[in-house]
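Take a look at the structure set out below.
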Amino acid sequence: MTTKPLVLRVFAALSFSWPALGVAADSVKINEIVIASPISPAQREATVKAVRTFYDFWNTGDTALLKQAIAENFTDRTLPPGRPQGPGGPAFASRHFRAAVPDLKVTVEKMIVAGDYVTVHMRFSGHFTGSFGQTQGKGQPIAFIATDLVKVENGRITDNWHIEDNLTLFQQMGVATVGS
C-alpha cells in the first residue's frame, strides 16, 4: 500500500489555526505544511508545535518562545564563526540580527515533516535601520530566503542545519557587492 503525503495548504486569505496548539493571532505565517511520512497525530502536533514556536521566536525575537522550542542539548550543526553553540546560539544570532533589522519578520513558505525531521523553507523581510558591523542602515528593505533542517525529539528541537542567502542579504545592506 502506498501512502501519499498529507498536505495542508494555507492561503494568504486564511489564517492557519490548530486550536490544540494554542496558536496566537500574531504567530508566524505558514503557507504550506507537508506531512511526508505517517506519524501519529500526537507526534505530528508536538513536532509542528515545536517548529512553529521556533519560527515564532525568529518572527518576534521573544526568547521565552525559544526556550519552549529547543532542547537543553540543542546543537547547531552548521554553527557560524562567533556564534555560541547550544541553546544560547539562536538567541545570540537573533539579538545581533535585530540590532541591524529591528522589524525582522519571517514567513514559513513550506514546512515538510518527515518523522523526527522537519525541513523549513522561509523568507525573512524587514528594513535595515540599525547597524551591522561598521555599516549603518538607511532604512533599505531586506528580503532573503533561508532553509533549515531541524530534528525534533520529545516535542523539542535538538538539532538544526541551516543555510541562508547571505549574499542577497549583504548586497541589500550594502556590505557586499558582486564584481562586474
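Identifiers for the C-alpha cells are assigned positionally: chains receive A, B, ... in sequence, residues are indexed from 1 per chain, and ligands are indexed from 1 in the order shown.
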
Can you write out as JSON lines which residues of segment 51-120 of chain A fall within 10 Å of segment 126-144 of chain A, alongside each residue's closest atom pair and its distance in Å to one decimal, counting only C-alpha atoms and ordering rows by chain and ascending residue number?
{"residue": "A:His96", "atom": "CA", "partner": "A:Phe132", "partner_atom": "CA", "distance": 8.3}
{"residue": "A:Phe97", "atom": "CA", "partner": "A:Phe132", "partner_atom": "CA", "distance": 8.0}
{"residue": "A:Arg98", "atom": "CA", "partner": "A:Gly130", "partner_atom": "CA", "distance": 8.0}
{"residue": "A:Ala99", "atom": "CA", "partner": "A:Gly130", "partner_atom": "CA", "distance": 5.6}
{"residue": "A:Ala100", "atom": "CA", "partner": "A:Gly130", "partner_atom": "CA", "distance": 4.0}
{"residue": "A:Val101", "atom": "CA", "partner": "A:Phe128", "partner_atom": "CA", "distance": 4.8}
{"residue": "A:Pro102", "atom": "CA", "partner": "A:Gly130", "partner_atom": "CA", "distance": 7.1}
{"residue": "A:Asp103", "atom": "CA", "partner": "A:Gly126", "partner_atom": "CA", "distance": 5.3}
{"residue": "A:Leu104", "atom": "CA", "partner": "A:Gly126", "partner_atom": "CA", "distance": 4.6}
{"residue": "A:Lys105", "atom": "CA", "partner": "A:Gly126", "partner_atom": "CA", "distance": 6.2}
{"residue": "A:Val106", "atom": "CA", "partner": "A:Gly126", "partner_atom": "CA", "distance": 8.9}

Mind writing the picked residues with C-alpha atoms as a compact mmCIF listing (two decimals), in the first residue's frame?
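Printed below is again.txt as written:
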# COMPACT_ATOMS: atom_id res chain seq x y z
CA HIS A 96 22.59 40.67 16.71
CA PHE A 97 20.44 40.48 13.60
CA ARG A 98 17.64 42.51 15.19
CA ALA A 99 20.21 45.21 16.04
CA ALA A 100 20.52 45.66 12.26
CA VAL A 101 16.91 44.84 11.27
CA PRO A 102 14.64 45.63 14.24
CA ASP A 103 11.41 44.92 12.32
CA LEU A 104 12.56 41.48 11.15
CA LYS A 105 9.72 39.16 10.13
CA VAL A 106 9.75 35.58 8.90

Check your understanding: Tell me, which residues of segment 28-105 of chain A carry DSSP helix (DSSP H, G or I), written as a PyMOL selection string?
Key -> chain A and resi 41-60+63-69+88-100

Check your understanding: Within 9 Å of Gln43 of chain A, counting only C-alpha atoms, which residues qualify if same-chain residues fewer than 3 places away don't, as a list in words?
Key -> Ile39, Ser40, Ala46, Thr47, Val48, Gly115, Asp116, Asn154 and Gly155 of chain A

Expected file contents, prior selection, all heavy atoms, as a compact mmCIF listing (two decimals), in the first residue's frame:
# COMPACT_ATOMS: atom_id res chain seq x y z
N ILE A 39 2.93 9.53 10.73
CA ILE A 39 3.29 9.64 12.14
C ILE A 39 1.99 9.82 12.92
O ILE A 39 0.98 10.24 12.37
CB ILE A 39 4.27 10.80 12.42
CG1 ILE A 39 3.71 12.15 11.97
CG2 ILE A 39 5.61 10.55 11.77
CD1 ILE A 39 4.59 13.34 12.32
N SER A 40 2.05 9.53 14.18
CA SER A 40 0.85 9.64 14.99
C SER A 40 0.42 11.10 15.09
O SER A 40 1.26 12.00 15.01
CB SER A 40 1.11 9.08 16.40
OG SER A 40 1.93 9.97 17.12
N ALA A 46 3.06 17.65 18.29
CA ALA A 46 4.21 18.07 19.11
C ALA A 46 5.34 18.60 18.23
O ALA A 46 5.97 19.61 18.56
CB ALA A 46 4.70 16.90 19.96
N THR A 47 5.57 17.94 17.10
CA THR A 47 6.62 18.37 16.18
C THR A 47 6.30 19.72 15.57
O THR A 47 7.12 20.64 15.59
CB THR A 47 6.83 17.30 15.09
OG1 THR A 47 7.25 16.08 15.71
CG2 THR A 47 7.85 17.75 14.06
N VAL A 48 5.09 19.86 15.04
CA VAL A 48 4.70 21.13 14.41
C VAL A 48 4.67 22.25 15.45
O VAL A 48 5.10 23.37 15.16
CB VAL A 48 3.35 20.99 13.68
CG1 VAL A 48 2.82 22.34 13.23
CG2 VAL A 48 3.48 20.05 12.48
N GLY A 115 8.80 12.33 9.91
CA GLY A 115 9.19 11.70 11.17
C GLY A 115 9.73 12.72 12.14
O GLY A 115 9.07 13.72 12.43
N ASP A 116 10.96 12.51 12.62
CA ASP A 116 11.59 13.42 13.58
C ASP A 116 12.22 14.64 12.92
O ASP A 116 12.71 15.53 13.61
CB ASP A 116 12.70 12.69 14.37
CG ASP A 116 12.16 11.65 15.31
OD1 ASP A 116 10.97 11.71 15.65
OD2 ASP A 116 12.94 10.76 15.72
N ASN A 154 10.84 14.42 21.42
CA ASN A 154 10.05 14.70 22.61
C ASN A 154 9.50 16.13 22.63
O ASN A 154 9.50 16.80 23.66
CB ASN A 154 10.85 14.43 23.88
CG ASN A 154 11.32 12.98 23.96
OD1 ASN A 154 10.54 12.07 23.69
ND2 ASN A 154 12.57 12.78 24.29
N GLY A 155 9.09 16.61 21.45
CA GLY A 155 8.47 17.94 21.37
C GLY A 155 9.43 19.11 21.46
O GLY A 155 8.98 20.25 21.64

Review point. Between A:Val152, A:Ala114, A:Ala93, A:Met173, which one has atoms that come closest to Thr63 of chain A, using only C-alpha atoms?
Key: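 Nearest candidate to Thr63 of chain A out of A:Val152, A:Ala114, A:Ala93, A:Met173: A:Ala93.
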
Tell me which protein, DNA and RNA residues are within 12 Å of Pro87 of chain A, counting only C-alpha atoms, leaving out same-chain ones fewer than 2 positions away, and put them as a PDB file with C-alpha atoms, in the first residue's frame.
ATOM      1  CA  PHE A  54      10.908  28.198  16.961  1.00  0.00           C
ATOM      2  CA  THR A  63      13.461  34.301  23.906  1.00  0.00           C
ATOM      3  CA  ALA A  64      10.672  32.767  26.008  1.00  0.00           C
ATOM      4  CA  LEU A  65       9.467  31.156  22.770  1.00  0.00           C
ATOM      5  CA  LEU A  66      12.982  29.901  22.045  1.00  0.00           C
ATOM      6  CA  LYS A  67      13.138  28.239  25.464  1.00  0.00           C
ATOM      7  CA  GLN A  68       9.836  26.478  24.731  1.00  0.00           C
ATOM      8  CA  ALA A  69      11.013  25.258  21.321  1.00  0.00           C
ATOM      9  CA  ILE A  70      14.531  23.911  21.795  1.00  0.00           C
ATOM     10  CA  ALA A  71      16.008  21.203  23.974  1.00  0.00           C
ATOM     11  CA  GLU A  72      18.729  21.821  26.549  1.00  0.00           C
ATOM     12  CA  ASN A  73      21.065  19.722  24.391  1.00  0.00           C
ATOM     13  CA  PHE A  74      20.306  21.763  21.237  1.00  0.00           C
ATOM     14  CA  THR A  75      23.131  21.592  18.699  1.00  0.00           C
ATOM     15  CA  ASP A  76      23.641  23.902  15.722  1.00  0.00           C
ATOM     16  CA  LEU A  79      27.433  26.865  13.501  1.00  0.00           C
ATOM     17  CA  ARG A  83      28.071  32.200  17.433  1.00  0.00           C
ATOM     18  CA  PRO A  84      27.918  30.209  20.670  1.00  0.00           C
ATOM     19  CA  GLN A  85      26.928  26.565  20.464  1.00  0.00           C
ATOM     20  CA  GLY A  89      23.244  30.413  19.891  1.00  0.00           C
ATOM     21  CA  PRO A  90      19.875  31.276  18.307  1.00  0.00           C
ATOM     22  CA  ALA A  91      19.246  33.993  20.938  1.00  0.00           C
ATOM     23  CA  PHE A  92      22.693  35.475  20.181  1.00  0.00           C
ATOM     24  CA  ALA A  93      22.009  35.401  16.421  1.00  0.00           C
ATOM     25  CA  ARG A 156      11.739  19.949  21.372  1.00  0.00           C
ATOM     26  CA  ILE A 157      14.226  20.819  18.643  1.00  0.00           C
ATOM     27  CA  THR A 158      17.528  19.065  19.309  1.00  0.00           C
ATOM     28  CA  ASP A 159      19.466  19.795  16.108  1.00  0.00           C
ATOM     29  CA  ASN A 160      19.480  22.423  13.360  1.00  0.00           C
TER      30      ASN A 160
END

Check your understanding: If you run DSSP on the backbone, which residues of segment 85-179 of chain A are strand (DSSP E), as a ChimeraX atom specification?
Key -> /A:105-114,117-128,131-132,135-136,140-153,156-164

Practice item. Provide the atom CA of Ala176 of chain A to atom CA of His162 of chain A distance in Å, to one decimal place. Key: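 So the answer is 21.0 Å.
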
Exercise for review: Check the smallest atom-to-atom distance from each of A:Thr53, A:Trp161, A:Val118, A:Phe170 to Ser37 of chain A using only C-alpha atoms, then report the winner.
Suggested key: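 Closest residue, counting only C-alpha atoms: A:Val118.
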
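Excluding Lys110 of chain A itself and any same-chain residue fewer than 6 positions from it, the protein and nucleic acid residues within 12 Å of it, counting only C-alpha atoms, are Val7, Leu8, Arg9, Val10, Phe11, Lys29, Ile30, Asn31, Glu32, Ile33, Val34, Ile35, Val51, Arg52, Val118, Thr119, Val120, His121, Met122, Arg123, Ile145, Ala146, Thr147, Asp148 and Leu149 of chain A.
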
Practice item. To one decimal in Å, tell me the separation between atom CA of Phe57 of chain A and atom CA of Val175 of chain A. Key: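 Pair atom CA of Phe57 of chain A / atom CA of Val175 of chain A returns 26.1 Å.
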